[in-house]
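Taking it in order: structure first as C-alpha cells, then the write-up.
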Amino acid sequence: MMRYQKLVQEILEKAKPAGGLHSVVWVACGGSNGGFYAAHYFLTRESKTLNSQMMTSNEFNLAPPACCGENCLVVLCSMRGTPETCRAAHTASSMGAQTVALYVQESDLTLYSDHAIPYESIAEDASRAENVNSSIALDLAAELLAAAEGYAHLDKMEEAFSMLDDIYRDACEYCVPRAEEFAGECSRDKVIYVMGSGPSMGSAYIFSICNLMEMQWVHSPTVNCGEFFHGPFETLDRTLPVFLLLSEGRTRPMDERALEFLRKYGQRIYVLDAKELGINRIADQVNEYFNHLLFSPVLNNVYLRRLAETRKHPYTHRRYMWKVAY
C-alpha cells in the first residue's frame, strides 16, 4: 500500500535542518478528534523517538504545546472546515510546524495547511474502511514511524488495511440483530454509559459524544474500564444500561475484569467484542491498532441507525448545531 511514503519523506527532510522531527500533534474537534485516537495510541505504544499528543482544536489555539515548532508535525482533520480547526492550522504554521490536513470538502483548512489528504466519510455506506479519516491517520502514523526509526511490522499493517473493508462489511452484517436488540431495549433510556479501554477509548468517546449525545440527545458518560473501579462503579444497578467495547490486545484483561463485575451486579449490559467482529483475521502483531477502525463505523452505521429508527429521532436532527451562534 505505502500511500504516504513520498509525503513522509518530504516531511522528514524538511525537519532535518532543525534537528529532525520530534513530535506529532493530532488536532481536531468532536468525532474528528476522536478519530485520531488510533494513530495517537499507535505512536505512543510503538515510537521511542516521536512524542505524540492529541488536542481539541481550540485548546491548541489557546494553549499550544511547547513542542509546536520546526521539529513538529501537526495533523488536522475536519470534514467541511470547522472554524476552530482552520484557525489551528494557521496557529501551527505561525509557530513553524509542518501541517497536514485531512478533509472531505476544501476549506480554509486546506488553504492554511502545507499538505492535504482527502478522506471518505465514515457515515457513507459506499466509503471504504481504509479510506476514512481514522484509517488514513493510522496509516500515516505507521509510515512515519517506519521512516523515522523503523517499524518491523509495517508490512502486516499494510496487509491489514487491504482486508479491512471486507472485515468491516462482515462485522456490520453480524451486528444487525444485536443492534436491533440494543435499540429495542434502550429506546426510552435517557442515560447510557459507554465503556472501553486502551485502543478502544477513541471509539467509546465518539459513541458517547457524537452518536448518543449529539445525534440522539442521550446523556452518555464515557468510562475507562480501568477507572471504573475507582469511582464510576458506585452508580451501577440493575436498571442502568452500559455498553462496553471489548477490545483485542494487551488491555483486554481490563475490559474483561470490568465486564465480569457488570454482569454480576448489573443487568442491562451490552457488549461489542472485537474478536466477534473478526479482528483476529488481522495479524496478531498489529490487530490491537485496528480496534477503533472496526468499532467506530459499526457503532455509527449499525447501532446508531437502529437506535435512531427505534426512538423515531433522526440522527441528522439537531437542536443547536448549525442553527444558532455558538
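Quick note on naming: the chains in the C-alpha cells go A, B, ... in the order shown, residues restart at 1 in each chain, and ligands are numbered from 1 in order of appearance.
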
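Within the 9 Å cut-off around range 247-256 of chain A, using only C-alpha atoms and omitting residues fewer than 4 positions from it on the same chain, the listed residues are Met195, Gly196, Ser197, Gly198, Pro199, Ser200, Asn224, Cys225, Gly226, Glu260, Phe261, Leu272, Asp273, Ala274, Lys275, Ile279, Asn280, Asp284, Val286, Asn287, Glu288, Tyr289, Phe290, Asn291, His292 and Phe295 of chain A.
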
Just write the chosen residues, C-alpha atoms, as an mmCIF file, in the first residue's frame.
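So the final result, stored in result.cif, reads:
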data_model
loop_
_atom_site.group_PDB
_atom_site.id
_atom_site.type_symbol
_atom_site.label_atom_id
_atom_site.label_comp_id
_atom_site.auth_asym_id
_atom_site.auth_seq_id
_atom_site.Cartn_x
_atom_site.Cartn_y
_atom_site.Cartn_z
ATOM 1 C CA MET A 195 -17.052 1.825 28.475
ATOM 2 C CA GLY A 196 -13.744 0.865 26.892
ATOM 3 C CA SER A 197 -10.003 0.939 27.482
ATOM 4 C CA GLY A 198 -6.708 1.080 25.639
ATOM 5 C CA PRO A 199 -7.197 1.005 21.860
ATOM 6 C CA SER A 200 -10.995 1.296 22.123
ATOM 7 C CA ASN A 224 -12.410 3.838 31.112
ATOM 8 C CA CYS A 225 -12.607 0.195 32.177
ATOM 9 C CA GLY A 226 -9.546 0.650 34.387
ATOM 10 C CA GLU A 260 -17.320 -9.623 34.929
ATOM 11 C CA PHE A 261 -18.365 -7.052 37.550
ATOM 12 C CA LEU A 272 -19.356 -5.327 21.321
ATOM 13 C CA ASP A 273 -16.418 -7.749 21.163
ATOM 14 C CA ALA A 274 -13.673 -7.093 18.614
ATOM 15 C CA LYS A 275 -12.995 -10.825 18.394
ATOM 16 C CA ILE A 279 -10.320 -8.627 14.179
ATOM 17 C CA ASN A 280 -8.226 -11.789 14.515
ATOM 18 C CA ASP A 284 -1.534 -10.649 15.976
ATOM 19 C CA VAL A 286 -0.836 -5.314 14.731
ATOM 20 C CA ASN A 287 -4.512 -6.152 15.236
ATOM 21 C CA GLU A 288 -4.615 -4.208 18.510
ATOM 22 C CA TYR A 289 -4.355 -0.995 16.499
ATOM 23 C CA PHE A 290 -7.410 -1.823 14.391
ATOM 24 C CA ASN A 291 -9.992 -1.999 17.203
ATOM 25 C CA HIS A 292 -11.041 1.599 16.592
ATOM 26 C CA PHE A 295 -15.708 -0.367 16.339
#

Q) Got a sec: who's within 7 Å of range 138-142 of chain A, counting only C-alpha atoms, leaving out chain neighbours fewer than 2 positions off, as a list in words? A) Tyr4, Ala38, Ala39, Leu43, Ser134, Ser135, Ile136, Leu144, Leu145, Ala146 and Leu154 of chain A

Would you save the residues of that selection, restricted to N, CA and C atoms, as a tab-separated table (two decimals), in the first residue's frame?
chain	number	residue	atom	x	y	z
A	4	TYR	N	1.64	6.94	1.66
A	4	TYR	CA	2.15	8.25	2.07
A	4	TYR	C	3.67	8.29	2.18
A	38	ALA	N	-6.71	6.23	17.22
A	38	ALA	CA	-5.98	5.02	16.81
A	38	ALA	C	-4.53	5.35	16.44
A	39	ALA	N	-4.34	6.43	15.70
A	39	ALA	CA	-2.98	6.84	15.30
A	39	ALA	C	-2.16	7.28	16.51
A	43	LEU	N	1.31	5.45	18.00
A	43	LEU	CA	2.61	6.10	18.19
A	43	LEU	C	3.07	6.06	19.64
A	134	SER	N	-9.86	8.01	10.26
A	134	SER	CA	-9.09	7.29	11.28
A	134	SER	C	-8.11	6.31	10.64
A	135	SER	N	-8.50	5.69	9.53
A	135	SER	CA	-7.61	4.76	8.84
A	135	SER	C	-6.43	5.49	8.19
A	136	ILE	N	-6.72	6.60	7.56
A	136	ILE	CA	-5.64	7.38	6.93
A	136	ILE	C	-4.65	7.86	7.97
A	144	LEU	N	5.14	6.97	9.01
A	144	LEU	CA	6.02	7.96	9.63
A	144	LEU	C	6.99	7.28	10.59
A	145	LEU	N	6.47	6.37	11.40
A	145	LEU	CA	7.33	5.64	12.33
A	145	LEU	C	8.36	4.81	11.58
A	146	ALA	N	7.91	4.11	10.54
A	146	ALA	CA	8.83	3.26	9.77
A	146	ALA	C	9.98	4.07	9.17
A	154	LEU	N	5.42	-3.08	9.53
A	154	LEU	CA	4.74	-2.23	8.56
A	154	LEU	C	4.05	-3.06	7.48

Within 12 Å of Tyr168 in chain A using only C-alpha atoms, minus same-chain residues under 3 positions, as a short mmCIF file (atom, residue, chain, number, x, y, z; two decimals) with C-alpha atoms, in the first residue's frame:
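Final output, saved to selection-v9.cif:
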data_model
loop_
_atom_site.label_atom_id
_atom_site.label_comp_id
_atom_site.auth_asym_id
_atom_site.auth_seq_id
_atom_site.Cartn_x
_atom_site.Cartn_y
_atom_site.Cartn_z
CA ILE A 122 -17.42 7.12 7.82
CA ASP A 125 -22.09 3.19 3.08
CA SER A 127 -16.94 4.63 1.77
CA ARG A 128 -14.20 2.04 2.05
CA ALA A 129 -12.94 1.39 5.57
CA GLU A 130 -9.30 2.02 4.67
CA ALA A 160 -4.44 -5.35 7.41
CA PHE A 161 -5.56 -2.23 5.55
CA SER A 162 -6.02 -4.28 2.40
CA MET A 163 -8.52 -6.62 4.14
CA LEU A 164 -10.12 -4.07 6.48
CA ASP A 165 -13.15 -3.26 4.34
CA ALA A 171 -18.98 -7.19 11.03
CA CYS A 172 -21.89 -4.95 10.06
CA GLU A 173 -23.95 -7.95 8.94
CA TYR A 174 -23.10 -9.82 12.14
CA CYS A 175 -24.15 -6.88 14.32
CA ALA A 274 -13.67 -7.09 18.61
CA GLU A 276 -16.57 -11.45 17.28
CA LEU A 277 -16.15 -8.73 14.65
CA GLY A 278 -13.30 -10.67 13.04
CA ILE A 279 -10.32 -8.63 14.18
CA ARG A 281 -8.20 -12.11 10.74
CA ILE A 282 -5.53 -9.40 11.11
CA PHE A 290 -7.41 -1.82 14.39
CA ASN A 291 -9.99 -2.00 17.20
CA HIS A 292 -11.04 1.60 16.59
CA LEU A 293 -11.23 1.11 12.83
CA LEU A 294 -13.82 -1.63 13.30
CA PHE A 295 -15.71 -0.37 16.34
CA SER A 296 -16.42 3.20 15.20
CA PRO A 297 -18.00 2.55 11.79
CA VAL A 298 -20.05 -0.38 13.15
CA LEU A 299 -21.33 1.79 16.01
CA ASN A 301 -23.63 2.78 10.81
CA VAL A 302 -25.37 -0.10 12.56
#

Q: Could you tell me which of A:Thr222, A:Tyr37, A:Tyr265, A:Val25 comes closest to Glu234 in chain A if we count only C-alpha atoms?
A: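 Residue with the minimum atom-to-atom distance to Glu234 in chain A: A:Tyr265.
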
Q: Would you mind reading off the distance between CA of Gln105 in chain A and CA of Pro83 in chain A, one decimal, in Å?
A: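 For CA of Gln105 in chain A relative to CA of Pro83 in chain A, the distance reads 13.3 Å.
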
Q: Could you tell me, as a ChimeraX atom specification, which residues of range 141-323 of chain A DSSP assigns to strand (DSSP E or B) when given the backbone?
A: /A:191,193-196,219,222-224,242-246,269-273

Q.
Using only C-alpha atoms for the distances, tell me which of A:Arg169, A:His22, A:Arg87, A:Arg3 is nearest to Ala137 in chain A.
A.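 Closest to Ala137 in chain A, using only C-alpha atoms: A:Arg3.
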
(Q) Env of range 108-118 of chain A: 6 Å cut, atoms = only C-alpha atoms, seq-sep filter 6 positions within chain, self excluded. Answer as a list in words. (A) Gly81, Cys86, Ala89, His90, Thr99, Val100, Ala101 and Leu102 of chain A

Q. Taking the backbone alone, and naming residues the way the document does, which bits of range 54-290 of chain A are helix (DSSP H, G or I) by DSSP, as a VMD selection string?
A. chain A and resid 57 to 62 83 to 94 108 to 112 129 to 131 133 to 148 154 to 186 198 to 216 228 to 230 232 to 235 252 to 265 279 to 281 287 to 290
